[in-house]
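Participant: Structure file input.cif (mmCIF, C-alpha atoms, pLDDT in the B column; chains and numbers go by the auth columns) is given on the next line.
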data_entry
#
loop_
_atom_site.group_PDB
_atom_site.id
_atom_site.type_symbol
_atom_site.label_atom_id
_atom_site.label_comp_id
_atom_site.label_asym_id
_atom_site.label_seq_id
_atom_site.Cartn_x
_atom_site.Cartn_y
_atom_site.Cartn_z
_atom_site.B_iso_or_equiv
_atom_site.auth_seq_id
_atom_site.auth_asym_id
ATOM 1 C CA MET A 1 -7.356 15.841 49.394 47.00 1 Z
ATOM 2 C CA THR A 2 -6.513 14.109 46.145 52.00 2 Z
ATOM 3 C CA ASP A 3 -9.054 11.448 45.218 61.00 3 Z
ATOM 4 C CA LYS A 4 -7.305 9.835 42.276 79.00 4 Z
ATOM 5 C CA LYS A 5 -9.435 7.795 39.955 82.00 5 Z
ATOM 6 C CA GLU A 6 -8.195 4.240 39.883 88.00 6 Z
ATOM 7 C CA ALA A 7 -7.656 2.448 36.587 91.00 7 Z
ATOM 8 C CA PRO A 8 -10.693 0.590 35.268 94.00 8 Z
ATOM 9 C CA PRO A 9 -10.611 -3.208 35.338 94.00 9 Z
ATOM 10 C CA LYS A 10 -9.025 -4.848 32.325 94.00 10 Z
ATOM 11 C CA ARG A 11 -11.024 -7.100 30.059 95.00 11 Z
ATOM 12 C CA PRO A 12 -10.303 -10.814 30.450 97.00 12 Z
ATOM 13 C CA GLN A 13 -8.100 -12.667 28.003 97.00 13 Z
ATOM 14 C CA CYS A 14 -9.809 -14.974 25.529 97.00 14 Z
ATOM 15 C CA ALA A 15 -9.344 -18.738 25.773 97.00 15 Z
ATOM 16 C CA PHE A 16 -6.501 -18.825 23.234 98.00 16 Z
ATOM 17 C CA PHE A 17 -4.497 -16.178 25.072 98.00 17 Z
ATOM 18 C CA ILE A 18 -4.912 -18.031 28.354 98.00 18 Z
ATOM 19 C CA TYR A 19 -3.512 -21.134 26.625 98.00 19 Z
ATOM 20 C CA LYS A 20 -0.748 -19.121 24.972 98.00 20 Z
ATOM 21 C CA GLN A 21 0.291 -17.651 28.304 97.00 21 Z
ATOM 22 C CA GLU A 22 0.578 -21.136 29.805 97.00 22 Z
ATOM 23 C CA VAL A 23 2.659 -22.727 27.024 98.00 23 Z
ATOM 24 C CA TYR A 24 4.622 -19.809 25.558 97.00 24 Z
ATOM 25 C CA GLN A 25 7.861 -20.364 27.483 97.00 25 Z
ATOM 26 C CA GLN A 26 7.888 -24.113 26.747 97.00 26 Z
ATOM 27 C CA VAL A 27 7.401 -23.527 23.025 97.00 27 Z
ATOM 28 C CA LYS A 28 9.998 -20.755 23.021 97.00 28 Z
ATOM 29 C CA ASP A 29 12.519 -23.049 24.733 97.00 29 Z
ATOM 30 C CA ALA A 30 11.740 -25.857 22.258 97.00 30 Z
ATOM 31 C CA HIS A 31 12.281 -23.489 19.288 97.00 31 Z
ATOM 32 C CA PRO A 32 15.252 -21.269 20.138 95.00 32 Z
ATOM 33 C CA GLY A 33 15.977 -18.481 17.690 95.00 33 Z
ATOM 34 C CA LYS A 34 12.389 -18.297 16.380 96.00 34 Z
ATOM 35 C CA LYS A 35 10.656 -14.945 16.215 97.00 35 Z
ATOM 36 C CA MET A 36 7.721 -14.226 18.505 96.00 36 Z
ATOM 37 C CA THR A 37 5.326 -14.294 15.541 97.00 37 Z
ATOM 38 C CA ASP A 38 6.575 -17.750 14.525 97.00 38 Z
ATOM 39 C CA ILE A 39 6.196 -19.013 18.089 97.00 39 Z
ATOM 40 C CA THR A 40 2.640 -17.669 18.186 97.00 40 Z
ATOM 41 C CA LYS A 41 1.859 -19.495 14.920 97.00 41 Z
ATOM 42 C CA ILE A 42 3.167 -22.739 16.426 98.00 42 Z
ATOM 43 C CA ILE A 43 1.070 -22.219 19.559 98.00 43 Z
ATOM 44 C CA SER A 44 -1.970 -21.442 17.408 98.00 44 Z
ATOM 45 C CA GLU A 45 -1.571 -24.721 15.523 98.00 45 Z
ATOM 46 C CA GLN A 46 -1.187 -26.596 18.815 97.00 46 Z
ATOM 47 C CA TYR A 47 -4.332 -24.935 20.171 98.00 47 Z
ATOM 48 C CA LYS A 48 -6.315 -25.966 17.089 97.00 48 Z
ATOM 49 C CA GLN A 49 -5.184 -29.571 17.623 98.00 49 Z
ATOM 50 C CA LEU A 50 -6.286 -29.692 21.272 98.00 50 Z
ATOM 51 C CA PRO A 51 -9.140 -32.052 22.141 98.00 51 Z
ATOM 52 C CA LYS A 52 -12.534 -30.411 22.556 97.00 52 Z
ATOM 53 C CA ASP A 53 -12.579 -30.967 26.333 98.00 53 Z
ATOM 54 C CA LYS A 54 -9.252 -29.122 26.725 97.00 54 Z
ATOM 55 C CA ILE A 55 -10.513 -26.194 24.672 97.00 55 Z
ATOM 56 C CA ASP A 56 -13.684 -26.212 26.777 98.00 56 Z
ATOM 57 C CA GLN A 57 -11.510 -25.896 29.913 98.00 57 Z
ATOM 58 C CA TYR A 58 -9.881 -22.752 28.511 98.00 58 Z
ATOM 59 C CA GLU A 59 -13.282 -21.427 27.458 98.00 59 Z
ATOM 60 C CA GLN A 60 -14.539 -21.998 31.005 98.00 60 Z
ATOM 61 C CA LYS A 61 -11.539 -20.126 32.447 98.00 61 Z
ATOM 62 C CA TYR A 62 -12.408 -17.241 30.131 98.00 62 Z
ATOM 63 C CA LYS A 63 -16.055 -17.288 31.246 98.00 63 Z
ATOM 64 C CA ASP A 64 -14.999 -17.329 34.908 98.00 64 Z
ATOM 65 C CA ASN A 65 -12.631 -14.409 34.336 98.00 65 Z
ATOM 66 C CA LYS A 66 -15.334 -12.561 32.417 98.00 66 Z
ATOM 67 C CA ALA A 67 -17.775 -12.950 35.311 98.00 67 Z
ATOM 68 C CA ILE A 68 -15.169 -11.502 37.684 98.00 68 Z
ATOM 69 C CA PHE A 69 -14.526 -8.665 35.225 97.00 69 Z
ATOM 70 C CA GLU A 70 -18.239 -7.852 34.987 97.00 70 Z
ATOM 71 C CA LYS A 71 -18.490 -7.592 38.788 97.00 71 Z
ATOM 72 C CA GLU A 72 -15.386 -5.389 38.970 96.00 72 Z
ATOM 73 C CA LYS A 73 -16.687 -3.279 36.091 95.00 73 Z
ATOM 74 C CA LYS A 74 -20.028 -2.735 37.828 96.00 74 Z
ATOM 75 C CA THR A 75 -18.276 -1.753 41.070 95.00 75 Z
ATOM 76 C CA TYR A 76 -16.009 0.628 39.156 94.00 76 Z
ATOM 77 C CA GLU A 77 -18.891 2.206 37.222 93.00 77 Z
ATOM 78 C CA ASP A 78 -20.953 2.632 40.397 93.00 78 Z
ATOM 79 C CA LYS A 79 -18.041 4.516 41.931 91.00 79 Z
ATOM 80 C CA TYR A 80 -16.641 6.483 38.963 90.00 80 Z
ATOM 81 C CA GLY A 81 -19.242 6.347 36.201 90.00 81 Z
ATOM 82 C CA LYS A 82 -19.222 4.593 32.874 90.00 82 Z
ATOM 83 C CA ILE A 83 -15.854 3.424 31.547 85.00 83 Z
ATOM 84 C CA LYS A 84 -14.760 5.525 28.601 83.00 84 Z
ATOM 85 C CA ASN A 85 -13.357 3.771 25.576 78.00 85 Z
ATOM 86 C CA GLU A 86 -10.115 5.692 25.266 69.00 86 Z
ATOM 87 C CA ARG A 87 -8.432 4.206 22.249 68.00 87 Z
ATOM 88 C CA LYS A 88 -5.473 6.083 20.935 63.00 88 Z
ATOM 89 C CA LYS A 89 -6.510 8.443 18.195 60.00 89 Z
ATOM 90 C CA LYS A 90 -4.267 9.589 15.398 55.00 90 Z
ATOM 91 C CA LYS A 91 -2.837 13.020 15.839 53.00 91 Z
ATOM 92 C CA GLU A 92 -4.637 15.587 13.808 51.00 92 Z
ATOM 93 C CA ASP A 93 -1.560 17.551 12.820 49.00 93 Z
ATOM 94 C CA GLY A 94 -2.296 17.488 9.126 50.00 94 Z
ATOM 95 C CA LYS A 95 -0.491 14.203 8.715 55.00 95 Z
ATOM 96 C CA GLY A 96 -2.352 11.051 7.966 58.00 96 Z
ATOM 97 C CA SER A 97 -2.115 8.045 5.769 64.00 97 Z
ATOM 98 C CA LYS A 98 -0.686 8.442 2.300 70.00 98 Z
ATOM 99 C CA LYS A 99 -4.093 7.616 0.871 70.00 99 Z
ATOM 100 C CA ALA A 100 -5.702 10.414 2.900 67.00 100 Z
ATOM 101 C CA GLN A 101 -2.976 12.846 1.823 68.00 101 Z
ATOM 102 C CA LYS A 102 -3.472 11.963 -1.858 69.00 102 Z
ATOM 103 C CA LYS A 103 -7.222 12.376 -1.510 68.00 103 Z
ATOM 104 C CA GLN A 104 -6.778 15.790 0.110 68.00 104 Z
ATOM 105 C CA LYS A 105 -4.347 16.909 -2.622 68.00 105 Z
ATOM 106 C CA LYS A 106 -6.764 15.743 -5.323 67.00 106 Z
ATOM 107 C CA GLN A 107 -9.623 17.660 -3.734 66.00 107 Z
ATOM 108 C CA GLU A 108 -7.474 20.792 -3.485 66.00 108 Z
ATOM 109 C CA SER A 109 -6.368 20.512 -7.123 64.00 109 Z
ATOM 110 C CA ASP A 110 -9.975 19.941 -8.241 63.00 110 Z
ATOM 111 C CA GLU A 111 -11.042 23.047 -6.336 58.00 111 Z
ATOM 112 C CA ASP A 112 -8.213 25.063 -7.911 56.00 112 Z
ATOM 113 C CA GLU A 113 -9.185 23.927 -11.406 56.00 113 Z
ATOM 114 C CA SER A 114 -12.876 24.695 -10.949 54.00 114 Z
ATOM 115 C CA GLY A 115 -12.108 28.038 -9.291 53.00 115 Z
ATOM 116 C CA SER A 116 -9.815 29.238 -12.108 49.00 116 Z
ATOM 117 C CA ASP A 117 -12.572 29.204 -14.762 49.00 117 Z
ATOM 118 C CA ASP A 118 -13.668 32.792 -14.043 49.00 118 Z
ATOM 119 C CA ASP A 119 -13.255 33.989 -17.666 47.00 119 Z
#
Would you mind writing the file's structure down as structure tokens?

Facilitator:
Amino acid sequence: MTDKKEAPPKRPQCAFFIYKQEVYQQVKDAHPGKKMTDITKIISEQYKQLPKDKIDQYEQKYKDNKAIFEKEKKTYEDKYGKIKNERKKKKEDGKGSKKAQKKQKKQESDEDESGSDDD
């Protein structure tokens, strides 16, 4: 009897990402050889130039998707409990950012200097 916990519902995409998903291939085909980041910049500029009513349509799609998500989330939480926010955490193997490493070294050297004044 294995009652596997199903994956929680995914949050809905914002209005811009719904638009991006619809036009990405067209923009990519119109600009062959461009990097994905450049294509996204082009799409972003196009989105900003859309008439207000078009943007409102994408906003409404987002709101509709959000309502569906909220229902699915409630059903999931009723069945399995609250959804945990499981973002990836950095490994705590002593490694970290260079800034954190420098700070740790400075603290250790400060401790060594203050500890060696036992004369």

Participant: Given the file shown, enumerate the residues that the PyMOL selection byres ((chain Z and resi 30-44) around 12) captures and present them as a PyMOL selection string.

Facilitator: chain Z and resi 15-29+45-50

Participant: Keeping C-alpha atoms, export the residues of the selection given above as a PDB file, in the coordinates of the input.

Facilitator:
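Ended up saving to selection-v8.pdb:
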ATOM      1  CA  ALA Z  15      -9.344 -18.738  25.773  1.00 97.00           C
ATOM      2  CA  PHE Z  16      -6.501 -18.825  23.234  1.00 98.00           C
ATOM      3  CA  PHE Z  17      -4.497 -16.178  25.072  1.00 98.00           C
ATOM      4  CA  ILE Z  18      -4.912 -18.031  28.354  1.00 98.00           C
ATOM      5  CA  TYR Z  19      -3.512 -21.134  26.625  1.00 98.00           C
ATOM      6  CA  LYS Z  20      -0.748 -19.121  24.972  1.00 98.00           C
ATOM      7  CA  GLN Z  21       0.291 -17.651  28.304  1.00 97.00           C
ATOM      8  CA  GLU Z  22       0.578 -21.136  29.805  1.00 97.00           C
ATOM      9  CA  VAL Z  23       2.659 -22.727  27.024  1.00 98.00           C
ATOM     10  CA  TYR Z  24       4.622 -19.809  25.558  1.00 97.00           C
ATOM     11  CA  GLN Z  25       7.861 -20.364  27.483  1.00 97.00           C
ATOM     12  CA  GLN Z  26       7.888 -24.113  26.747  1.00 97.00           C
ATOM     13  CA  VAL Z  27       7.401 -23.527  23.025  1.00 97.00           C
ATOM     14  CA  LYS Z  28       9.998 -20.755  23.021  1.00 97.00           C
ATOM     15  CA  ASP Z  29      12.519 -23.049  24.733  1.00 97.00           C
ATOM     16  CA  GLU Z  45      -1.571 -24.721  15.523  1.00 98.00           C
ATOM     17  CA  GLN Z  46      -1.187 -26.596  18.815  1.00 97.00           C
ATOM     18  CA  TYR Z  47      -4.332 -24.935  20.171  1.00 98.00           C
ATOM     19  CA  LYS Z  48      -6.315 -25.966  17.089  1.00 97.00           C
ATOM     20  CA  GLN Z  49      -5.184 -29.571  17.623  1.00 98.00           C
ATOM     21  CA  LEU Z  50      -6.286 -29.692  21.272  1.00 98.00           C
TER      22      LEU Z  50
END

Participant: Using the chain letters and numbering of this document, enumerate as number ranges by chain the residues selected by the PyMOL selection byres ((chain Z and resi 62-65) around 10).

Facilitator: Z: 11-18, 56-61, 66-70

Participant: Please measure the separation of atom CA of Z:Lys71 and atom CA of Z:Asn85, giving the value in Å to one decimal.

Facilitator: 18.2 Å

Participant: How far is it from atom CA of Z:Glu72 to atom CA of Z:Asp53, in Å with one decimal?

Facilitator: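 Atom CA of Z:Asp53 lies 28.7 Å from atom CA of Z:Glu72.
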
Participant: What gap, in Å, lies between atom CA of Z:Lys82 and atom CA of Z:Lys4?

Facilitator: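 Taking atom CA of Z:Lys82 as the start and atom CA of Z:Lys4 as the end point, the length is 16.1 Å.
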